[in-house]
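structure.cif (mmCIF, C-alpha atoms)
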```
data_start
loop_
_atom_site.label_atom_id
_atom_site.label_comp_id
_atom_site.auth_asym_id
_atom_site.auth_seq_id
_atom_site.Cartn_x
_atom_site.Cartn_y
_atom_site.Cartn_z
CA MET A 1 -13.92 16.76 -19.57
CA PRO A 2 -17.58 15.77 -19.10
CA LEU A 3 -19.42 18.03 -16.67
CA ALA A 4 -22.56 17.62 -14.55
CA GLY A 5 -24.22 20.95 -15.16
CA ASP A 6 -21.34 23.38 -14.70
CA ASN A 7 -19.49 21.14 -12.25
CA LEU A 8 -16.82 18.51 -12.58
CA ARG A 9 -18.36 15.12 -11.82
CA LEU A 10 -16.34 13.18 -9.26
CA SER A 11 -17.27 9.57 -8.54
CA VAL A 12 -16.49 8.32 -5.03
CA ASN A 13 -16.19 4.54 -4.80
CA ALA A 14 -15.42 1.99 -2.13
CA PHE A 15 -14.66 -1.69 -2.75
CA PHE A 16 -15.70 -4.78 -0.81
CA VAL A 17 -13.41 -7.71 -1.60
CA THR A 18 -14.06 -11.24 -0.39
CA ASP A 19 -12.87 -14.79 -1.05
CA GLY A 20 -16.11 -16.18 0.34
CA THR A 21 -14.93 -16.57 3.92
CA ARG A 22 -12.74 -13.53 4.60
CA SER A 23 -13.27 -9.99 3.42
CA VAL A 24 -11.90 -6.46 3.50
CA LEU A 25 -13.65 -3.17 2.78
CA ILE A 26 -11.35 -0.71 1.03
CA ASP A 27 -12.40 2.88 1.80
CA THR A 28 -15.73 3.84 3.30
CA GLY A 29 -16.98 6.93 1.47
CA ALA A 30 -18.04 10.22 3.03
CA SER A 31 -21.03 9.24 5.20
CA ASN A 32 -22.61 12.60 6.13
CA ALA A 33 -19.31 14.50 6.36
CA TRP A 34 -19.91 16.46 3.17
CA HIS A 35 -23.66 17.00 3.69
CA ASP A 36 -24.31 16.14 0.06
CA PRO A 37 -27.26 13.87 -0.78
CA THR A 38 -25.28 12.21 -3.59
CA MET A 39 -22.59 11.10 -1.12
CA GLY A 40 -22.46 8.60 1.73
CA LEU A 41 -24.47 5.85 0.05
CA ILE A 42 -22.14 2.99 0.99
CA TYR A 43 -24.54 1.62 3.59
CA ASP A 44 -27.33 1.33 1.01
CA ALA A 45 -24.89 -0.23 -1.46
CA LEU A 46 -23.80 -2.87 1.05
CA ASP A 47 -27.44 -3.67 1.79
CA GLU A 48 -28.18 -3.95 -1.92
CA ALA A 49 -25.26 -6.36 -2.30
CA GLY A 50 -26.52 -8.49 0.61
CA ILE A 51 -23.52 -7.65 2.81
CA ASP A 52 -24.17 -7.45 6.54
CA ARG A 53 -22.14 -4.58 8.03
CA ALA A 54 -21.73 -6.66 11.18
CA HIS A 55 -19.56 -9.05 9.17
CA VAL A 56 -17.00 -6.35 8.28
CA THR A 57 -14.00 -6.85 10.57
CA ASP A 58 -11.26 -5.29 8.43
CA VAL A 59 -11.28 -1.92 6.71
CA ALA A 60 -8.37 -0.68 4.61
CA ILE A 61 -8.18 3.08 4.05
CA THR A 62 -6.29 4.54 1.09
CA HIS A 63 -5.79 7.90 2.81
CA ASN A 64 -7.24 10.23 5.39
CA HIS A 65 -9.50 12.55 3.37
CA GLU A 66 -13.17 12.81 4.33
CA ASP A 67 -14.57 11.09 1.27
CA HIS A 68 -12.56 7.94 2.02
CA VAL A 69 -12.53 7.56 5.81
CA SER A 70 -15.65 9.28 7.17
CA GLY A 71 -17.91 6.31 6.44
CA LEU A 72 -16.47 4.49 9.44
CA ILE A 73 -19.05 6.50 11.40
CA ALA A 74 -22.70 6.38 10.38
CA PRO A 75 -24.74 9.60 10.10
CA ASP A 76 -26.34 8.94 13.50
CA GLY A 77 -22.90 8.96 15.16
CA SER A 78 -22.69 5.20 15.74
CA GLU A 79 -19.89 2.99 14.47
CA ALA A 80 -20.87 1.85 11.00
CA PHE A 81 -19.21 -1.56 11.43
CA PRO A 82 -19.99 -2.86 14.93
CA GLU A 83 -17.61 -5.84 14.75
CA LEU A 84 -14.69 -3.86 13.37
CA GLU A 85 -11.33 -5.23 14.51
CA ARG A 86 -8.71 -3.47 12.37
CA VAL A 87 -8.42 -0.30 10.31
CA TRP A 88 -5.36 -0.27 8.07
CA ILE A 89 -4.05 3.16 7.03
CA GLY A 90 -0.72 4.69 6.08
CA ALA A 91 1.25 5.79 9.13
CA GLY A 92 1.50 9.32 7.77
CA ASP A 93 -2.29 9.69 7.84
CA THR A 94 -3.19 8.28 11.26
CA SER A 95 -3.68 11.71 12.85
CA VAL A 96 -7.22 11.73 11.40
CA PHE A 97 -8.15 9.35 14.22
CA THR A 98 -7.43 12.01 16.83
CA ALA A 99 -10.34 14.09 15.47
CA GLN A 100 -13.63 13.87 17.33
CA ARG A 101 -15.51 11.98 14.63
CA LEU A 102 -13.09 9.06 14.36
CA GLU A 103 -11.49 9.04 17.80
CA PRO A 104 -13.67 6.11 19.04
CA ILE A 105 -11.95 3.84 16.49
CA ARG A 106 -8.43 4.95 17.28
CA ASP A 107 -7.55 1.83 19.28
CA ARG A 108 -8.13 -0.39 16.23
CA VAL A 109 -5.90 1.52 13.82
CA VAL A 110 -2.99 -0.43 12.28
CA PRO A 111 -0.43 2.02 10.82
CA VAL A 112 1.16 0.91 7.55
CA THR A 113 4.82 1.90 7.46
CA GLU A 114 6.02 -0.41 4.68
CA LYS A 115 4.73 -2.98 2.22
CA VAL A 116 2.81 -5.47 4.36
CA ALA A 117 0.27 -8.27 3.91
CA ILE A 118 -3.04 -7.48 5.59
CA ASN A 119 -4.41 -10.95 4.78
CA ASP A 120 -3.47 -13.93 2.60
CA TRP A 121 -4.38 -12.14 -0.61
CA THR A 122 -4.13 -8.40 0.01
CA THR A 123 -0.95 -6.37 0.43
CA ALA A 124 -0.76 -2.73 1.51
CA ILE A 125 1.75 -0.71 -0.54
CA PRO A 126 2.71 2.81 0.59
CA THR A 127 2.38 5.32 -2.27
CA PRO A 128 2.88 8.73 -0.63
CA GLY A 129 2.30 11.93 -2.54
CA HIS A 130 -1.37 12.80 -2.48
CA THR A 131 -1.06 12.51 1.29
CA PRO A 132 1.93 11.37 3.36
CA GLY A 133 0.22 8.05 4.08
CA HIS A 134 -1.51 7.36 0.77
CA THR A 135 -1.67 3.57 0.32
CA VAL A 136 -2.59 1.23 -2.54
CA TYR A 137 -3.91 -2.27 -1.89
CA ASP A 138 -2.81 -5.12 -4.17
CA VAL A 139 -5.47 -7.83 -4.19
CA ARG A 140 -4.26 -11.10 -5.69
CA SER A 141 -6.23 -14.04 -7.04
CA GLY A 142 -5.80 -16.87 -9.50
CA THR A 143 -6.73 -14.48 -12.32
CA GLY A 144 -4.23 -11.73 -11.53
CA HIS A 145 -3.84 -8.53 -9.54
CA LEU A 146 -6.35 -5.83 -8.67
CA LEU A 147 -4.66 -2.59 -7.55
CA VAL A 148 -7.12 -0.59 -5.46
CA TRP A 149 -6.12 3.06 -5.19
CA GLY A 150 -7.61 6.16 -3.67
CA ASP A 151 -6.53 9.47 -5.19
CA THR A 152 -3.81 8.33 -7.59
CA VAL A 153 -6.15 9.63 -10.31
CA HIS A 154 -8.94 12.15 -9.73
CA VAL A 155 -10.07 12.93 -13.27
CA PRO A 156 -9.89 9.76 -15.38
CA THR A 157 -10.88 11.50 -18.63
CA LEU A 158 -7.72 13.62 -18.31
CA GLN A 159 -5.06 11.97 -16.19
CA PHE A 160 -4.72 8.68 -18.06
CA ASP A 161 -4.19 10.49 -21.33
CA GLN A 162 -1.96 13.08 -19.61
CA PRO A 163 -0.55 11.40 -16.47
CA ASN A 164 1.75 14.33 -15.69
CA VAL A 165 -1.26 16.52 -14.86
CA SER A 166 -1.58 16.92 -11.08
CA TRP A 167 -4.48 17.75 -8.83
CA GLU A 168 -4.43 20.87 -6.68
CA LEU A 169 -5.09 18.81 -3.55
CA ASP A 170 -2.03 16.59 -4.02
CA GLY A 171 0.03 17.40 -0.96
CA ASN A 172 3.31 16.71 -2.77
CA GLN A 173 2.64 16.98 -6.49
CA SER A 174 5.99 15.65 -7.72
CA GLN A 175 5.76 12.65 -5.39
CA ALA A 176 2.15 12.00 -6.41
CA ARG A 177 3.13 12.23 -10.08
CA ALA A 178 5.94 9.71 -9.60
CA ALA A 179 3.65 7.31 -7.74
CA ARG A 180 1.04 7.57 -10.51
CA ALA A 181 3.65 6.90 -13.21
CA ALA A 182 4.94 3.79 -11.43
CA LEU A 183 1.46 2.39 -10.83
CA LEU A 184 0.28 3.02 -14.37
CA GLU A 185 3.33 1.25 -15.74
CA GLN A 186 2.67 -1.71 -13.42
CA LEU A 187 -0.93 -1.85 -14.61
CA THR A 188 0.12 -2.39 -18.22
CA GLN A 189 1.38 -5.84 -17.26
CA PRO A 190 -0.83 -8.84 -18.18
CA HIS A 191 -3.56 -9.79 -15.73
CA HIS A 192 -3.43 -6.48 -13.86
CA PHE A 193 -6.54 -4.40 -13.19
CA VAL A 194 -7.25 -1.18 -11.32
CA ALA A 195 -10.08 -0.25 -8.98
CA GLY A 196 -10.15 3.48 -8.33
CA ALA A 197 -12.02 5.58 -5.82
CA HIS A 198 -12.60 8.30 -8.44
CA LEU A 199 -12.95 6.22 -11.58
CA ASP A 200 -16.35 6.23 -13.24
CA SER A 201 -18.75 3.36 -12.58
CA PRO A 202 -18.09 0.45 -12.28
CA GLY A 203 -14.73 1.78 -11.10
CA ILE A 204 -12.73 -1.25 -12.29
CA ALA A 205 -10.71 -1.20 -15.50
CA ARG A 206 -7.80 -2.36 -17.59
CA VAL A 207 -4.97 0.03 -18.46
CA THR A 208 -3.09 -0.10 -21.75
CA PRO A 209 -0.26 2.11 -22.98
CA THR A 210 -0.74 4.60 -25.84
CA SER A 211 1.79 6.70 -27.70
CA ASP A 212 1.67 9.52 -25.15
CA GLY A 213 -0.12 8.13 -22.10
CA TYR A 214 -2.57 5.38 -21.22
CA ALA A 215 -6.02 4.20 -22.21
CA LEU A 216 -8.66 3.04 -19.75
CA GLU A 217 -11.08 0.22 -20.55
CA TYR A 218 -13.81 -0.20 -17.96
CA LEU A 219 -14.96 -3.70 -17.10
CA ALA A 220 -18.68 -4.33 -16.94
CA PRO A 221 -19.58 -6.37 -15.06
CA PRO A 222 -16.63 -6.08 -12.67
CA ILE A 223 -14.22 -9.02 -12.52
CA GLY A 224 -15.19 -11.77 -10.10
#
```

Mind turning the file's structure into C-alpha coordinates?
Amino acid sequence: MPLAGDNLRLSVNAFFVTDGTRSVLIDTGASNAWHDPTMGLIYDALDEAGIDRAHVTDVAITHNHEDHVSGLIAPDGSEAFPELERVWIGAGDTSVFTAQRLEPIRDRVVPVTEKVAINDWTTAIPTPGHTPGHTVYDVRSGTGHLLVWGDTVHVPTLQFDQPNVSWELDGNQSQARAARAALLEQLTQPHHFVAGAHLDSPGIARVTPTSDGYALEYLAPPIG
(Lines of atoms letter the chains of each structure in order from A and count residues from 1; the text may use other names and numbers.)
(Lines give C-alpha, C1' and ligand atoms only; values in the text may rest on other atoms or scores of the structure.)
Protein backbone atom coordinates (compact mmCIF):
# COMPACT_ATOMS: atom_id res chain seq x y z
CA MET A 1 0.00 0.00 0.00
CA PRO A 2 1.31 3.51 -0.76
CA LEU A 3 2.41 5.39 2.35
CA ALA A 4 2.85 9.08 3.18
CA GLY A 5 6.15 8.96 5.00
CA ASP A 6 5.66 6.03 7.37
CA ASN A 7 1.90 6.51 7.61
CA LEU A 8 -1.06 5.11 5.75
CA ARG A 9 -2.59 7.89 3.67
CA LEU A 10 -6.34 8.18 4.22
CA SER A 11 -8.35 10.52 2.02
CA VAL A 12 -11.47 12.03 3.59
CA ASN A 13 -14.04 13.21 1.05
CA ALA A 14 -17.48 14.77 1.11
CA PHE A 15 -19.78 15.13 -1.89
CA PHE A 16 -22.08 17.98 -2.90
CA VAL A 17 -24.75 16.76 -5.32
CA THR A 18 -27.14 19.10 -7.12
CA ASP A 19 -29.61 19.04 -10.01
CA GLY A 20 -29.30 22.81 -10.39
CA THR A 21 -32.17 23.73 -8.10
CA ARG A 22 -32.01 21.24 -5.22
CA SER A 23 -28.93 19.87 -3.52
CA VAL A 24 -27.66 17.59 -0.78
CA LEU A 25 -24.27 17.51 0.92
CA ILE A 26 -23.19 13.96 1.73
CA ASP A 27 -20.86 13.94 4.75
CA THR A 28 -19.14 17.01 6.13
CA GLY A 29 -15.56 16.06 6.99
CA ALA A 30 -13.82 16.53 10.32
CA SER A 31 -13.83 20.32 10.79
CA ASN A 32 -11.40 20.88 13.70
CA ALA A 33 -12.33 17.68 15.56
CA TRP A 34 -9.06 15.94 14.74
CA HIS A 35 -6.82 19.02 15.10
CA ASP A 36 -4.98 18.07 11.93
CA PRO A 37 -4.15 20.83 9.41
CA THR A 38 -4.77 18.45 6.50
CA MET A 39 -8.36 17.87 7.66
CA GLY A 40 -11.49 20.01 7.82
CA LEU A 41 -11.04 21.76 4.47
CA ILE A 42 -14.63 21.33 3.29
CA TYR A 43 -15.46 24.99 3.83
CA ASP A 44 -12.59 26.09 1.57
CA ALA A 45 -13.61 23.47 -0.99
CA LEU A 46 -17.20 24.72 -1.07
CA ASP A 47 -15.95 28.28 -1.52
CA GLU A 48 -13.66 27.18 -4.33
CA ALA A 49 -16.61 25.48 -6.03
CA GLY A 50 -18.72 28.64 -5.71
CA ILE A 51 -21.19 27.00 -3.30
CA ASP A 52 -22.72 29.26 -0.66
CA ARG A 53 -23.00 27.36 2.63
CA ALA A 54 -26.20 29.28 3.32
CA HIS A 55 -27.82 27.38 0.44
CA VAL A 56 -27.21 23.96 2.05
CA THR A 57 -30.52 22.84 3.55
CA ASP A 58 -30.03 19.05 3.50
CA VAL A 59 -27.06 17.08 4.76
CA ALA A 60 -26.88 13.29 4.51
CA ILE A 61 -24.44 11.57 6.86
CA THR A 62 -23.05 8.11 6.08
CA HIS A 63 -22.27 7.38 9.74
CA ASN A 64 -21.44 8.99 13.04
CA HIS A 65 -17.62 9.03 13.10
CA GLU A 66 -15.83 12.34 13.57
CA ASP A 67 -14.37 12.58 10.09
CA HIS A 68 -17.85 12.42 8.54
CA VAL A 69 -20.16 14.36 10.86
CA SER A 70 -18.04 16.94 12.72
CA GLY A 71 -18.09 19.43 9.84
CA LEU A 72 -21.67 20.35 10.73
CA ILE A 73 -20.02 22.68 13.26
CA ALA A 74 -17.39 25.16 12.11
CA PRO A 75 -14.11 25.55 14.03
CA ASP A 76 -15.42 28.71 15.71
CA GLY A 77 -18.33 26.75 17.21
CA SER A 78 -21.02 28.15 14.92
CA GLU A 79 -23.30 26.06 12.74
CA ALA A 80 -21.51 25.56 9.44
CA PHE A 81 -24.77 25.61 7.44
CA PRO A 82 -26.99 28.38 8.81
CA GLU A 83 -30.08 27.41 6.78
CA LEU A 84 -29.85 23.71 7.56
CA GLU A 85 -33.27 22.04 7.69
CA ARG A 86 -32.58 18.29 7.77
CA VAL A 87 -29.73 15.96 8.68
CA TRP A 88 -30.28 12.40 7.48
CA ILE A 89 -28.44 9.67 9.38
CA GLY A 90 -28.95 6.00 10.17
CA ALA A 91 -31.11 5.51 13.25
CA GLY A 92 -28.41 3.43 14.90
CA ASP A 93 -25.99 6.38 14.83
CA THR A 94 -28.18 9.26 16.06
CA SER A 95 -26.70 9.23 19.58
CA VAL A 96 -23.82 11.36 18.23
CA PHE A 97 -26.24 14.30 18.35
CA THR A 98 -26.49 14.07 22.13
CA ALA A 99 -22.80 15.03 22.40
CA GLN A 100 -22.01 18.65 23.19
CA ARG A 101 -20.57 19.51 19.78
CA LEU A 102 -23.60 18.44 17.74
CA GLU A 103 -26.43 18.83 20.24
CA PRO A 104 -27.57 22.19 18.75
CA ILE A 105 -28.55 20.36 15.54
CA ARG A 106 -30.38 17.53 17.24
CA ASP A 107 -33.86 18.87 16.44
CA ARG A 108 -33.19 18.63 12.69
CA VAL A 109 -32.04 15.01 12.65
CA VAL A 110 -34.07 12.60 10.48
CA PRO A 111 -33.30 8.99 11.51
CA VAL A 112 -33.12 6.51 8.64
CA THR A 113 -34.63 3.18 9.66
CA GLU A 114 -35.20 1.67 6.21
CA LYS A 115 -34.64 2.40 2.55
CA VAL A 116 -36.17 5.84 2.02
CA ALA A 117 -36.11 8.64 -0.57
CA ILE A 118 -34.61 11.84 0.80
CA ASN A 119 -35.45 13.75 -2.39
CA ASP A 120 -36.60 12.96 -5.93
CA TRP A 121 -33.24 11.52 -6.93
CA THR A 122 -31.48 10.33 -3.78
CA THR A 123 -32.36 7.28 -1.70
CA ALA A 124 -30.88 6.38 1.68
CA ILE A 125 -30.03 2.68 1.99
CA PRO A 126 -29.10 1.24 5.41
CA THR A 127 -25.84 -0.76 5.23
CA PRO A 128 -24.99 -1.54 8.87
CA GLY A 129 -21.69 -3.11 9.81
CA HIS A 130 -19.04 -0.43 10.11
CA THR A 131 -21.46 1.25 12.51
CA PRO A 132 -25.03 0.24 13.40
CA GLY A 133 -26.40 3.11 11.32
CA HIS A 134 -23.99 3.14 8.39
CA THR A 135 -25.93 4.36 5.33
CA VAL A 136 -25.23 4.52 1.59
CA TYR A 137 -26.91 7.11 -0.63
CA ASP A 138 -28.01 6.10 -4.14
CA VAL A 139 -28.07 9.17 -6.38
CA ARG A 140 -29.92 8.60 -9.65
CA SER A 141 -29.78 10.54 -12.89
CA GLY A 142 -30.39 9.99 -16.57
CA THR A 143 -26.88 8.55 -16.87
CA GLY A 144 -27.13 5.97 -14.09
CA HIS A 145 -26.53 5.51 -10.37
CA LEU A 146 -23.90 7.02 -8.09
CA LEU A 147 -23.57 5.08 -4.81
CA VAL A 148 -22.07 7.38 -2.18
CA TRP A 149 -20.62 5.44 0.73
CA GLY A 150 -18.72 6.30 3.86
CA ASP A 151 -16.54 3.55 5.33
CA THR A 152 -17.51 0.60 3.14
CA VAL A 153 -13.87 0.71 1.97
CA HIS A 154 -11.05 2.36 3.91
CA VAL A 155 -7.98 1.28 1.94
CA PRO A 156 -8.83 1.21 -1.78
CA THR A 157 -5.45 -0.17 -2.84
CA LEU A 158 -6.20 -3.29 -0.77
CA GLN A 159 -9.91 -3.82 -0.24
CA PHE A 160 -11.05 -3.87 -3.86
CA ASP A 161 -8.51 -6.50 -4.74
CA GLN A 162 -9.20 -8.36 -1.47
CA PRO A 163 -12.74 -7.39 -0.39
CA ASN A 164 -12.76 -9.86 2.49
CA VAL A 165 -10.14 -7.80 4.34
CA SER A 166 -11.77 -5.86 7.18
CA TRP A 167 -10.80 -2.72 9.03
CA GLU A 168 -10.13 -2.80 12.76
CA LEU A 169 -12.69 -0.04 13.34
CA ASP A 170 -15.55 -1.95 11.73
CA GLY A 171 -17.95 -2.41 14.61
CA ASN A 172 -19.29 -5.68 13.21
CA GLN A 173 -16.71 -7.04 10.79
CA SER A 174 -18.81 -9.87 9.34
CA GLN A 175 -21.73 -7.52 8.73
CA ALA A 176 -19.44 -4.89 7.20
CA ARG A 177 -17.89 -7.53 4.96
CA ALA A 178 -21.31 -8.69 3.75
CA ALA A 179 -22.41 -5.11 3.05
CA ARG A 180 -19.22 -4.45 1.08
CA ALA A 181 -19.68 -7.63 -0.98
CA ALA A 182 -23.27 -6.72 -1.88
CA LEU A 183 -22.39 -3.15 -2.84
CA LEU A 184 -19.39 -4.14 -4.92
CA GLU A 185 -21.49 -6.64 -6.83
CA GLN A 186 -24.14 -3.97 -7.45
CA LEU A 187 -21.46 -1.59 -8.72
CA THR A 188 -20.44 -4.00 -11.48
CA GLN A 189 -23.77 -3.36 -13.19
CA PRO A 190 -23.76 -0.99 -16.21
CA HIS A 191 -24.07 2.73 -15.50
CA HIS A 192 -23.18 2.38 -11.81
CA PHE A 193 -20.47 4.48 -10.17
CA VAL A 194 -19.15 4.85 -6.63
CA ALA A 195 -18.21 7.93 -4.64
CA GLY A 196 -16.29 7.01 -1.52
CA ALA A 197 -15.30 9.00 1.53
CA HIS A 198 -11.91 7.26 1.64
CA LEU A 199 -11.23 6.74 -2.04
CA ASP A 200 -8.33 8.67 -3.52
CA SER A 201 -9.00 11.91 -5.38
CA PRO A 202 -11.29 12.52 -7.21
CA GLY A 203 -13.11 9.94 -5.11
CA ILE A 204 -15.45 8.80 -7.90
CA ALA A 205 -14.85 5.61 -9.86
CA ARG A 206 -16.12 2.65 -11.83
CA VAL A 207 -15.87 -0.87 -10.41
CA THR A 208 -15.26 -3.92 -12.57
CA PRO A 209 -14.92 -7.56 -11.52
CA THR A 210 -11.59 -9.42 -11.73
CA SER A 211 -10.80 -13.08 -11.23
CA ASP A 212 -10.43 -12.72 -7.46
CA GLY A 213 -11.88 -9.32 -6.56
CA TYR A 214 -12.57 -5.98 -8.20
CA ALA A 215 -10.72 -3.28 -10.07
CA LEU A 216 -11.20 0.43 -9.50
CA GLU A 217 -11.03 2.96 -12.33
CA TYR A 218 -11.10 6.56 -11.13
CA LEU A 219 -12.99 9.11 -13.19
CA ALA A 220 -11.26 12.40 -13.92
CA PRO A 221 -12.98 14.74 -14.20
CA PRO A 222 -15.85 13.42 -12.06
CA ILE A 223 -19.11 12.57 -13.83
CA GLY A 224 -21.50 15.48 -14.25

request  = Using the chain letters and residue numbers of this document, give as a PyMOL selection string the residues selected by the PyMOL selection byres ((chain A and resi 27) around 8).
outcome  = chain A and resi 13-15+25-26+28-29+59-62+68-69+71+150

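Nearest residue to A:Asp151, choosing from A:Leu184, A:Val12, A:Ala124, A:Ile73 and counting only C-alpha atoms: A:Val12.
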
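Minimum distance to A:Leu3 across A:Ser174, A:Ser141, A:Thr157, A:Ser70 (counting only C-alpha atoms) occurs at A:Thr157.
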
request  = Please evaluate the PyMOL selection byres ((chain A and resi 136) around 8) against the displayed coordinates and give the resulting residues as an MDAnalysis selection string.
outcome  = chainID A and resid 62 124:127 134:135 137:138 147:150

task = For the structure shown, which residues end up in the PyMOL selection byres ((chain A and resi 74-83) around 9)? Put them as a list in words, please?
result = Ser31, Asn32, Ala33, Gly40, Tyr43, Arg53, Ala54, His55, Val56, Thr57, Asp58, Ser70, Gly71, Leu72, Ile73, Leu84, Glu85, Arg101, Pro104 and Ile105 of chain A

ask   = If you count all atoms listed in the file, which residues fall within 7 Å of stretch 190-207 of chain A, apart from same-chain ones fewer than 2 positions away, as a list in words?
value = Leu10, Ser11, Val12, Asn13, Ala14, Thr143, Gly144, His145, Leu146, Leu147, Val148, Trp149, Gly150, Asp151, Val153, His154, Pro156, Leu187, Thr188, Pro209, Tyr214, Ala215, Leu216, Glu217, Tyr218, Leu219, Ala220 and Pro222 of chain A

request  = Have a look at A:Arg106, A:Arg180, A:Arg22, A:Arg140 and name the one nearest to A:Trp121; count all atoms listed in the file.
outcome  =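 Of the candidates, the smallest distance to A:Trp121 is held by A:Arg140.
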
message = If I take atom CA of A:Ile118 and atom CA of A:Ile89, how far is one from the other in Å, to one decimal?
response = 10.8 Å

For atom CA of A:Ala30 and atom CA of A:Gly90, the interatomic separation in Å (one decimal) =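 Atom CA of A:Gly90 lies at a distance of 18.4 Å from atom CA of A:Ala30.
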
Atom-to-atom span, atom CA of A:Val109 and atom CA of A:Pro128, Å =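 Distance between the two atoms: 18.4 Å.
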
ask   = What lies within 10 Å of A:Val17 using only C-alpha atoms, ignoring chain neighbours under 6 positions off, as a ChimeraX atom specification?
value = /A:23-26,122,139,224

inquiry  = Need to verify the contact set: A:Asp107, 12 Å, only C-alpha atoms, exclusion of same-chain residues closer than 3 positions in sequence. Can you return it as a list of chain:residue names?
reply    =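 Those residues are A:Leu84, A:Glu85, A:Arg86, A:Val87, A:Trp88, A:Thr94, A:Phe97, A:Thr98, A:Leu102, A:Glu103, A:Pro104, A:Val110, A:Pro111.
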
I need the residues from that last selection saved to file as a PDB file, in the coordinates of the input (with C-alpha atoms), if you can.
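Written out: again_16.pdb:
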```pdb
ATOM      1  CA  LEU A  84     -14.690  -3.860  13.370  1.00  0.00           C
ATOM      2  CA  GLU A  85     -11.330  -5.230  14.510  1.00  0.00           C
ATOM      3  CA  ARG A  86      -8.710  -3.470  12.370  1.00  0.00           C
ATOM      4  CA  VAL A  87      -8.420  -0.300  10.310  1.00  0.00           C
ATOM      5  CA  TRP A  88      -5.360  -0.270   8.070  1.00  0.00           C
ATOM      6  CA  THR A  94      -3.190   8.280  11.260  1.00  0.00           C
ATOM      7  CA  PHE A  97      -8.150   9.350  14.220  1.00  0.00           C
ATOM      8  CA  THR A  98      -7.430  12.010  16.830  1.00  0.00           C
ATOM      9  CA  LEU A 102     -13.090   9.060  14.360  1.00  0.00           C
ATOM     10  CA  GLU A 103     -11.490   9.040  17.800  1.00  0.00           C
ATOM     11  CA  PRO A 104     -13.670   6.110  19.040  1.00  0.00           C
ATOM     12  CA  VAL A 110      -2.990  -0.430  12.280  1.00  0.00           C
ATOM     13  CA  PRO A 111      -0.430   2.020  10.820  1.00  0.00           C
TER      14      PRO A 111
END
```

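When only C-alpha atoms are used to compute distances to A:Gly129, the closest of the residues A:Ala4, A:Ala176, A:Met39, A:Ile51 turns out to be A:Ala176.
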
task = Find the residue from A:Thr131, A:Asn172, A:Phe16, A:Arg9 that sits nearest to A:Leu46; use all atoms listed in the file when measuring.
result = A:Phe16
